[in-house]
file final.cif (mmCIF, C-alpha atoms)
data_protein
loop_
_atom_site.group_PDB
_atom_site.id
_atom_site.type_symbol
_atom_site.label_atom_id
_atom_site.label_comp_id
_atom_site.auth_asym_id
_atom_site.auth_seq_id
_atom_site.Cartn_x
_atom_site.Cartn_y
_atom_site.Cartn_z
ATOM 1 C CA MET A 1 167.985 200.211 233.566
ATOM 2 C CA ALA A 2 171.455 201.735 233.669
ATOM 3 C CA LEU A 3 172.899 201.566 237.150
ATOM 4 C CA ASP A 4 172.259 204.859 238.957
ATOM 5 C CA ARG A 5 175.168 205.056 241.388
ATOM 6 C CA ARG A 6 173.356 207.264 243.888
ATOM 7 C CA ALA A 7 170.208 205.113 243.950
ATOM 8 C CA GLU A 8 172.258 201.915 244.029
ATOM 9 C CA LEU A 9 174.333 203.253 246.917
ATOM 10 C CA GLY A 10 171.252 203.953 249.026
ATOM 11 C CA GLU A 11 169.598 200.625 248.241
ATOM 12 C CA PHE A 12 172.828 198.757 248.935
ATOM 13 C CA LEU A 13 173.334 200.387 252.345
ATOM 14 C CA ARG A 14 169.701 199.909 253.349
ATOM 15 C CA SER A 15 169.857 196.227 252.389
ATOM 16 C CA ARG A 16 172.975 195.768 254.531
ATOM 17 C CA ARG A 17 171.432 197.594 257.498
ATOM 18 C CA ALA A 18 168.368 195.356 257.211
ATOM 19 C CA ARG A 19 170.338 192.165 257.732
ATOM 20 C CA LEU A 20 171.815 193.268 261.094
ATOM 21 C CA ARG A 21 170.057 193.026 264.445
ATOM 22 C CA PRO A 22 170.703 195.418 267.359
ATOM 23 C CA GLU A 23 170.980 192.628 269.922
ATOM 24 C CA GLU A 24 173.699 190.936 267.853
ATOM 25 C CA LEU A 25 175.782 194.092 268.013
ATOM 26 C CA GLY A 26 175.359 194.932 271.676
ATOM 27 C CA LEU A 27 172.884 197.739 271.097
ATOM 28 C CA PRO A 28 169.880 198.175 273.393
ATOM 29 C CA ALA A 29 166.646 196.854 271.909
ATOM 30 C CA TYR A 30 164.070 199.523 272.579
ATOM 31 C CA GLY A 31 160.502 198.437 273.192
ATOM 32 C CA GLY A 32 157.737 198.507 270.624
ATOM 33 C CA ARG A 33 157.574 197.435 267.005
ATOM 34 C CA ARG A 34 160.446 198.626 264.841
ATOM 35 C CA ARG A 35 159.347 200.370 261.665
ATOM 36 C CA VAL A 36 162.364 199.134 259.703
ATOM 37 C CA PRO A 37 164.068 195.725 259.676
ATOM 38 C CA GLY A 38 167.547 195.599 261.086
ATOM 39 C CA LEU A 39 169.438 198.662 262.263
ATOM 40 C CA ARG A 40 168.113 202.195 262.211
ATOM 41 C CA ARG A 41 170.264 204.862 260.590
ATOM 42 C CA GLU A 42 170.975 206.340 264.015
ATOM 43 C CA GLU A 43 172.202 202.985 265.292
ATOM 44 C CA LEU A 44 174.442 202.436 262.293
ATOM 45 C CA ALA A 45 175.914 205.927 262.673
ATOM 46 C CA GLN A 46 176.584 205.221 266.353
ATOM 47 C CA LEU A 47 178.394 201.972 265.516
ATOM 48 C CA ALA A 48 180.429 203.648 262.771
ATOM 49 C CA GLY A 49 181.340 206.639 264.935
ATOM 50 C CA VAL A 50 180.012 209.206 262.475
ATOM 51 C CA SER A 51 177.268 211.781 262.830
ATOM 52 C CA VAL A 52 173.757 210.775 261.873
ATOM 53 C CA ASP A 53 173.618 213.595 259.315
ATOM 54 C CA HIS A 54 176.865 212.416 257.751
ATOM 55 C CA TYR A 55 175.579 208.875 257.397
ATOM 56 C CA VAL A 56 172.203 210.032 256.053
ATOM 57 C CA ARG A 57 173.992 212.066 253.357
ATOM 58 C CA LEU A 58 175.935 208.937 252.406
ATOM 59 C CA GLU A 59 172.860 206.706 252.221
ATOM 60 C CA GLN A 60 170.895 209.298 250.262
ATOM 61 C CA GLY A 61 173.768 209.783 247.816
ATOM 62 C CA ARG A 62 173.777 213.548 248.235
ATOM 63 C CA THR A 63 177.474 213.630 247.450
ATOM 64 C CA LEU A 64 180.094 211.192 246.188
ATOM 65 C CA HIS A 65 183.033 212.696 248.066
ATOM 66 C CA PHE A 66 183.278 210.661 251.271
ATOM 67 C CA SER A 67 186.641 209.996 252.861
ATOM 68 C CA GLU A 68 188.203 206.571 253.137
ATOM 69 C CA ALA A 69 187.969 206.831 256.934
ATOM 70 C CA VAL A 70 184.184 207.276 256.810
ATOM 71 C CA LEU A 71 183.683 204.493 254.292
ATOM 72 C CA ASP A 72 185.927 202.149 256.262
ATOM 73 C CA ALA A 73 183.997 202.892 259.460
ATOM 74 C CA VAL A 74 180.649 202.255 257.757
ATOM 75 C CA ALA A 75 181.965 199.066 256.137
ATOM 76 C CA ARG A 76 183.121 197.755 259.518
ATOM 77 C CA ALA A 77 179.824 198.638 261.181
ATOM 78 C CA LEU A 78 177.885 196.875 258.421
ATOM 79 C CA ARG A 79 180.240 193.873 258.556
ATOM 80 C CA LEU A 80 180.860 194.009 254.820
ATOM 81 C CA ASP A 81 183.034 191.369 253.241
ATOM 82 C CA ALA A 82 185.838 192.260 250.792
ATOM 83 C CA VAL A 83 183.568 192.153 247.719
ATOM 84 C CA GLU A 84 180.901 194.320 249.369
ATOM 85 C CA ARG A 85 183.498 196.784 250.648
ATOM 86 C CA ALA A 86 184.950 197.240 247.152
ATOM 87 C CA HIS A 87 181.426 197.749 245.788
ATOM 88 C CA LEU A 88 180.761 200.431 248.419
ATOM 89 C CA TYR A 89 183.918 202.273 247.394
ATOM 90 C CA ARG A 90 182.995 202.148 243.706
ATOM 91 C CA LEU A 91 179.570 203.607 244.448
ATOM 92 C CA ALA A 92 180.530 206.214 247.045
ATOM 93 C CA ARG A 93 183.699 207.721 245.569
ATOM 94 C CA PRO A 94 184.138 209.801 242.400
ATOM 95 C CA TRP A 95 185.711 208.144 239.388
ATOM 96 C CA PRO A 96 189.407 209.178 239.225
ATOM 97 C CA GLU A 97 188.939 210.783 235.820
ATOM 98 C CA ALA A 98 185.562 212.308 236.597
ATOM 99 C CA GLY A 99 185.076 215.924 235.764
ATOM 100 C CA GLY A 100 181.393 216.517 236.403
ATOM 101 C CA ALA A 101 179.747 217.657 239.599
ATOM 102 C CA ASP A 102 178.094 214.282 240.072
ATOM 103 C CA GLY A 103 181.362 212.404 239.962
ATOM 104 C CA ARG A 104 180.568 210.458 236.795
ATOM 105 C CA ALA A 105 183.373 209.743 234.427
ATOM 106 C CA ASP A 106 183.289 210.545 230.744
ATOM 107 C CA GLN A 107 183.927 206.933 229.900
ATOM 108 C CA GLU A 108 184.590 205.640 226.434
ATOM 109 C CA GLN A 109 182.263 202.998 225.098
ATOM 110 C CA PRO A 110 183.555 199.598 226.242
ATOM 111 C CA ARG A 111 185.444 197.785 223.520
ATOM 112 C CA ALA A 112 184.390 194.370 222.303
ATOM 113 C CA GLN A 113 186.202 191.705 224.260
ATOM 114 C CA ARG A 114 188.559 189.313 222.527
ATOM 115 C CA VAL A 115 190.111 186.129 223.851
ATOM 116 C CA ARG A 116 193.816 185.711 223.245
ATOM 117 C CA PRO A 117 194.839 182.835 220.938
ATOM 118 C CA GLY A 118 196.945 181.370 223.736
ATOM 119 C CA LEU A 119 193.870 181.061 225.947
ATOM 120 C CA LEU A 120 191.931 179.390 223.149
ATOM 121 C CA ARG A 121 194.750 176.869 222.813
ATOM 122 C CA LEU A 122 194.642 176.351 226.590
ATOM 123 C CA LEU A 123 190.933 175.523 226.441
ATOM 124 C CA ASP A 124 191.506 173.042 223.627
ATOM 125 C CA SER A 125 194.385 171.418 225.517
ATOM 126 C CA THR A 126 192.104 170.370 228.396
ATOM 127 C CA PRO A 127 189.536 168.156 226.624
ATOM 128 C CA ASP A 128 188.626 166.246 229.797
ATOM 129 C CA VAL A 129 187.940 169.369 231.872
ATOM 130 C CA PRO A 130 184.813 171.480 231.176
ATOM 131 C CA ALA A 131 186.217 175.007 230.836
ATOM 132 C CA TYR A 132 185.014 178.308 229.444
ATOM 133 C CA ILE A 133 185.826 182.025 229.564
ATOM 134 C CA VAL A 134 183.310 184.589 230.807
ATOM 135 C CA GLY A 135 183.552 188.310 230.088
ATOM 136 C CA ARG A 136 181.534 191.388 230.991
ATOM 137 C CA ASP A 137 177.824 190.959 231.633
ATOM 138 C CA THR A 138 178.361 187.168 231.993
ATOM 139 C CA ASP A 139 179.007 186.819 228.245
ATOM 140 C CA VAL A 140 180.522 183.432 227.357
ATOM 141 C CA LEU A 141 183.456 184.364 225.130
ATOM 142 C CA ALA A 142 185.063 180.955 224.544
ATOM 143 C CA TRP A 143 184.607 177.353 225.615
ATOM 144 C CA ASN A 144 185.888 173.846 225.018
ATOM 145 C CA ARG A 145 183.844 170.943 223.743
ATOM 146 C CA LEU A 146 183.229 169.418 227.163
ATOM 147 C CA ALA A 147 181.867 172.697 228.544
ATOM 148 C CA ALA A 148 179.436 172.807 225.628
ATOM 149 C CA ALA A 149 178.421 169.223 226.353
ATOM 150 C CA LEU A 150 177.893 169.993 230.039
ATOM 151 C CA ILE A 151 176.011 173.309 229.845
ATOM 152 C CA THR A 152 174.754 173.964 226.311
ATOM 153 C CA ASP A 153 176.085 173.972 222.757
ATOM 154 C CA PHE A 154 177.240 177.582 222.795
ATOM 155 C CA GLY A 155 178.382 177.367 219.170
ATOM 156 C CA ALA A 156 174.833 176.639 218.034
ATOM 157 C CA LEU A 157 173.534 179.827 219.681
ATOM 158 C CA PRO A 158 173.563 183.329 218.183
ATOM 159 C CA PRO A 159 176.386 185.350 219.785
ATOM 160 C CA ARG A 160 173.894 187.494 221.733
ATOM 161 C CA GLN A 161 172.479 184.397 223.433
ATOM 162 C CA ARG A 162 175.882 183.202 224.634
ATOM 163 C CA ASN A 163 175.294 184.835 227.962
ATOM 164 C CA LEU A 164 174.944 183.045 231.296
ATOM 165 C CA ALA A 165 172.345 185.428 232.694
ATOM 166 C CA ARG A 166 170.123 185.123 229.622
ATOM 167 C CA LEU A 167 170.495 181.346 229.611
ATOM 168 C CA VAL A 168 169.830 180.849 233.315
ATOM 169 C CA PHE A 169 166.823 183.164 233.547
ATOM 170 C CA LEU A 170 165.277 182.838 230.083
ATOM 171 C CA ASP A 171 166.117 179.299 228.874
ATOM 172 C CA GLU A 172 163.745 176.682 230.271
ATOM 173 C CA GLY A 173 166.352 173.961 229.771
ATOM 174 C CA MET A 174 168.584 175.530 232.402
ATOM 175 C CA ARG A 175 165.939 174.969 235.092
ATOM 176 C CA SER A 176 166.222 171.215 234.719
ATOM 177 C CA LEU A 177 170.010 171.225 234.245
ATOM 178 C CA TYR A 178 170.831 172.637 237.696
ATOM 179 C CA ALA A 179 169.692 170.662 240.743
ATOM 180 C CA ASP A 180 169.462 173.945 242.661
ATOM 181 C CA TRP A 181 168.344 176.274 239.899
ATOM 182 C CA ARG A 182 167.305 179.035 242.283
ATOM 183 C CA GLY A 183 170.726 178.969 243.923
ATOM 184 C CA LYS A 184 172.382 179.218 240.511
ATOM 185 C CA ALA A 185 170.041 182.046 239.500
ATOM 186 C CA SER A 186 170.817 183.950 242.702
ATOM 187 C CA ASP A 187 174.548 183.534 242.052
ATOM 188 C CA VAL A 188 174.265 184.802 238.475
ATOM 189 C CA ALA A 189 172.259 187.855 239.557
ATOM 190 C CA ALA A 190 174.902 188.578 242.204
ATOM 191 C CA TYR A 191 177.706 188.280 239.623
ATOM 192 C CA LEU A 192 175.797 190.582 237.277
ATOM 193 C CA ARG A 193 175.197 193.228 239.957
ATOM 194 C CA LEU A 194 178.901 193.243 240.798
ATOM 195 C CA ASP A 195 179.759 193.644 237.112
ATOM 196 C CA ALA A 196 177.181 196.424 236.691
ATOM 197 C CA GLY A 197 178.836 198.269 239.578
ATOM 198 C CA ARG A 198 182.171 198.044 237.769
ATOM 199 C CA HIS A 199 180.687 199.355 234.503
ATOM 200 C CA PRO A 200 177.660 201.485 235.454
ATOM 201 C CA ASP A 201 177.634 203.414 232.179
ATOM 202 C CA ASP A 202 177.835 200.442 229.810
ATOM 203 C CA PRO A 203 174.726 200.574 227.561
ATOM 204 C CA ARG A 204 174.962 196.829 226.900
ATOM 205 C CA THR A 205 174.658 196.179 230.631
ATOM 206 C CA ALA A 206 171.601 198.432 230.825
ATOM 207 C CA GLU A 207 170.028 196.639 227.856
ATOM 208 C CA LEU A 208 170.613 193.238 229.459
ATOM 209 C CA LEU A 209 169.164 194.309 232.807
ATOM 210 C CA ASP A 210 166.081 195.752 231.107
ATOM 211 C CA GLU A 211 165.554 192.563 229.107
ATOM 212 C CA LEU A 212 165.875 190.291 232.129
ATOM 213 C CA ALA A 213 163.673 192.488 234.329
ATOM 214 C CA ALA A 214 160.941 192.567 231.684
ATOM 215 C CA ALA A 215 160.988 188.834 230.951
ATOM 216 C CA SER A 216 161.758 187.134 234.254
ATOM 217 C CA PRO A 217 159.980 187.625 237.585
ATOM 218 C CA GLU A 218 162.659 185.421 239.147
ATOM 219 C CA PHE A 219 165.322 187.840 237.983
ATOM 220 C CA ARG A 220 163.394 190.781 239.428
ATOM 221 C CA GLU A 221 163.156 188.927 242.730
ATOM 222 C CA ALA A 222 166.861 188.005 242.765
ATOM 223 C CA TRP A 223 167.920 191.511 241.718
ATOM 224 C CA ALA A 224 165.889 193.057 244.531
ATOM 225 C CA GLU A 225 167.938 191.071 247.067
ATOM 226 C CA HIS A 226 170.997 193.229 246.271
ATOM 227 C CA GLN A 227 173.382 190.313 246.630
ATOM 228 C CA LEU A 228 176.974 190.653 245.436
ATOM 229 C CA LYS A 229 179.240 187.778 244.547
ATOM 230 C CA ASP A 230 182.491 187.352 242.680
ATOM 231 C CA LYS A 231 182.991 184.092 240.846
ATOM 232 C CA THR A 232 185.851 182.381 242.668
ATOM 233 C CA HIS A 233 185.195 178.723 243.480
ATOM 234 C CA GLY A 234 182.347 176.471 244.522
ATOM 235 C CA ARG A 235 180.308 173.577 243.208
ATOM 236 C CA TYR A 236 177.077 172.824 241.388
ATOM 237 C CA VAL A 237 175.101 169.633 240.934
ATOM 238 C CA TYR A 238 173.935 169.066 237.359
ATOM 239 C CA HIS A 239 171.095 166.827 236.180
ATOM 240 C CA HIS A 240 172.461 166.101 232.713
ATOM 241 C CA PRO A 241 170.052 164.597 230.149
ATOM 242 C CA VAL A 242 172.726 162.233 228.755
ATOM 243 C CA VAL A 243 174.794 161.016 231.724
ATOM 244 C CA GLY A 244 172.649 161.843 234.744
ATOM 245 C CA GLU A 245 173.863 163.531 237.927
ATOM 246 C CA LEU A 246 177.215 165.318 238.020
ATOM 247 C CA ASP A 247 178.512 166.854 241.245
ATOM 248 C CA LEU A 248 181.262 169.205 240.057
ATOM 249 C CA GLY A 249 183.401 171.855 241.670
ATOM 250 C CA PHE A 250 184.682 174.887 239.818
ATOM 251 C CA GLU A 251 187.726 177.133 240.088
ATOM 252 C CA THR A 252 188.008 180.604 238.577
ATOM 253 C CA LEU A 253 191.190 182.159 237.206
ATOM 254 C CA ARG A 254 190.921 185.933 236.705
ATOM 255 C CA LEU A 255 193.200 187.197 233.919
ATOM 256 C CA PRO A 256 195.744 189.716 235.299
ATOM 257 C CA ASP A 257 195.808 191.859 232.136
ATOM 258 C CA ASP A 258 192.015 191.808 231.712
ATOM 259 C CA PRO A 259 190.134 191.408 235.018
ATOM 260 C CA ASP A 260 186.864 191.494 233.073
ATOM 261 C CA GLN A 261 187.685 188.029 231.728
ATOM 262 C CA ALA A 262 187.693 184.892 233.861
ATOM 263 C CA LEU A 263 188.466 181.286 233.000
ATOM 264 C CA ILE A 264 186.196 178.828 234.799
ATOM 265 C CA ALA A 265 187.275 175.193 234.985
ATOM 266 C CA HIS A 266 185.213 172.400 236.533
ATOM 267 C CA THR A 267 186.730 169.744 238.757
ATOM 268 C CA VAL A 268 185.514 166.353 239.907
ATOM 269 C CA ASP A 269 186.387 164.241 242.938
ATOM 270 C CA GLU A 270 188.327 161.102 242.085
ATOM 271 C CA GLY A 271 186.648 157.753 242.471
ATOM 272 C CA THR A 272 183.117 159.159 242.537
ATOM 273 C CA PRO A 273 180.126 158.397 240.314
ATOM 274 C CA SER A 274 180.479 161.945 239.009
ATOM 275 C CA GLU A 275 183.971 161.137 237.712
ATOM 276 C CA THR A 276 182.543 158.210 235.774
ATOM 277 C CA ALA A 277 179.673 160.341 234.462
ATOM 278 C CA LEU A 278 182.084 163.076 233.357
ATOM 279 C CA ARG A 279 184.209 160.505 231.503
ATOM 280 C CA LEU A 280 181.089 159.246 229.736
ATOM 281 C CA LEU A 281 180.120 162.810 228.866
ATOM 282 C CA SER A 282 183.577 163.438 227.427
ATOM 283 C CA ASN A 283 183.285 160.364 225.204
ATOM 284 C CA TRP A 284 179.823 161.417 224.086
ATOM 285 C CA ALA A 285 180.991 164.968 223.344
ATOM 286 C CA ARG A 286 183.771 163.753 221.038
ATOM 287 C CA GLU A 287 181.185 162.079 218.842
ATOM 288 C CA ALA A 288 178.272 164.498 219.114
ATOM 289 C CA LEU A 289 179.725 167.994 219.247
ATOM 290 C CA PRO A 290 182.114 169.998 217.070
ATOM 291 C CA VAL A 291 185.130 171.680 218.586
ATOM 292 C CA GLY A 292 184.152 175.068 220.183
#

call {"tool": "encode", "arguments": {"input": "final.cif", "output": "structure tokens"}}
result
Amino acid sequence: MALDRRAELGEFLRSRRARLRPEELGLPAYGGRRRVPGLRREELAQLAGVSVDHYVRLEQGRTLHFSEAVLDAVARALRLDAVERAHLYRLARPWPEAGGADGRADQEQPRAQRVRPGLLRLLDSTPDVPAYIVGRDTDVLAWNRLAAALITDFGALPPRQRNLARLVFLDEGMRSLYADWRGKASDVAAYLRLDAGRHPDDPRTAELLDELAAASPEFREAWAEHQLKDKTHGRYVYHHPVVGELDLGFETLRLPDDPDQALIAHTVDEGTPSETALRLLSNWAREALPVG
């Protein structure tokens, strides 16, 4: 299930056309039943100020040599956000080092990711804050003891299973941990699609997508939505088996010298029951779990 850039480009554009309505954009709503949801190709081309043939060639992925002006116009017409716009550019432009006619790069196999010792020390220096580092394909590369207590004991898992997508979609315990499991699952699928767009030729990504698609109908459903999301900040409500409900925010710090690694740290509002529950969880973790 390696990401086919041409197929992904067409599916992505069609999904974004489908969420727009002509009346919202000042276009005349012609009578009769529309055969497609959202905007027609002709309507999108009109809004973008490009020829219908030009837009059709883009959506069908006939070439990966579109100008910035065309892509910008299409992005504006589709009302893409910054993450979606960057994804469009990755799909619709040749790789800078590409030499083949299809615009694919002769990429080296991705190297195994390593976490710097300084970052490991940083995780250990924040024992009262659940924090962990995520790499490509949502692999959990490092964590502190409180993160293991909150989510799962990563150290007790085989390295291959230390992966958020595998845990969320294939581990039954995750369904009861998150109050809104479907929302969490949708987020993880959106993170994974964004990562797959950044590394479309990574065989490990293809293997993970195949595994999830074969084992999880919920993943297939979430993947078909074509959502894209970068992990930045937000909040999740946890139903923890030891301390009960925890309403926690999270902040993401992307590493400047390795954008494929991100440090995620959870936060809690002062004076709330969740702060008390997190303190209890921290005390429990010191006794029950080894250092990550």

call {"tool": "residues_around", "arguments": {"input": "final.cif", "residues": "region 206-216 of chain A", "least_positions_apart": "5", "cutoff": "9 Å", "atoms": "all atoms listed in the file", "output": "PyMOL selection string"}}
result
chain A and resi 1-3+137+165-166+169-170+192+196+200-201+221+223

call {"tool": "write_last_selection", "arguments": {"input": "final.cif", "atoms": "C-alpha atoms", "output": "compact mmCIF listing (two decimals), keeping the file's coordinate frame"}}
result
# COMPACT_ATOMS: atom_id res chain seq x y z
CA MET A 1 167.98 200.21 233.57
CA ALA A 2 171.46 201.74 233.67
CA LEU A 3 172.90 201.57 237.15
CA ASP A 137 177.82 190.96 231.63
CA ALA A 165 172.34 185.43 232.69
CA ARG A 166 170.12 185.12 229.62
CA PHE A 169 166.82 183.16 233.55
CA LEU A 170 165.28 182.84 230.08
CA LEU A 192 175.80 190.58 237.28
CA ALA A 196 177.18 196.42 236.69
CA PRO A 200 177.66 201.48 235.45
CA ASP A 201 177.63 203.41 232.18
CA GLU A 221 163.16 188.93 242.73
CA TRP A 223 167.92 191.51 241.72

call {"tool": "axis_aligned_box", "arguments": {"input": "final.cif", "around": "region 189-201 of chain A", "padding_each_side": "5 Å", "output": "lines of an AutoDock Vina configuration file"}}
result
center_x = 177.2
center_y = 195.6
center_z = 237.2
size_x = 19.9
size_y = 25.6
size_z = 20.0

call {"tool": "closest_residue", "arguments": {"input": "final.cif", "among": "A:Leu20, A:Leu141, A:Val83, A:Leu9", "to": "Gln60 (chain A)", "atoms": "all atoms listed in the file"}}
result
A:Leu9

call {"tool": "residues_around", "arguments": {"input": "final.cif", "residues": "Pro127 (chain A)", "least_positions_apart": "2", "cutoff": "10 Å", "atoms": "all atoms listed in the file", "output": "JSON, numbers by chain"}}
result
{"A": [122, 123, 124, 125, 129, 130, 131, 144, 145, 146, 147, 282, 285, 286, 291]}

call {"tool": "closest_residue", "arguments": {"input": "final.cif", "among": "A:Ala75, A:Ala48, A:Leu119, A:Ala112", "to": "Ile264 (chain A)", "atoms": "all atoms listed in the file"}}
result
A:Leu119

call {"tool": "residues_around", "arguments": {"input": "final.cif", "residues": "region 186-189 of chain A", "least_positions_apart": "3", "cutoff": "10 Å", "atoms": "all atoms listed in the file", "output": "ChimeraX atom specification"}}
result
/A:137-138,164-166,168-169,181-183,192-195,209,218-231

call {"tool": "atom_distance", "arguments": {"input": "final.cif", "atom1": "CA of Arg76 (chain A)", "atom2": "CA of Val50 (chain A)"}}
result
12.2 Å

call {"tool": "closest_residue", "arguments": {"input": "final.cif", "among": "A:Glu42, A:Glu8, A:Asp53, A:Asp247", "to": "Arg90 (chain A)", "atoms": "all atoms listed in the file"}}
result
A:Glu8

call {"tool": "atom_distance", "arguments": {"input": "final.cif", "atom1": "CA of Leu78 (chain A)", "atom2": "CA of Arg19 (chain A)"}}
result
8.9 Å

call {"tool": "residues_around", "arguments": {"input": "final.cif", "residues": "Gly49 (chain A)", "least_positions_apart": "5", "cutoff": "9 Å", "atoms": "all atoms listed in the file", "output": "ChimeraX atom specification"}}
result
/A:44,70,73-74,77
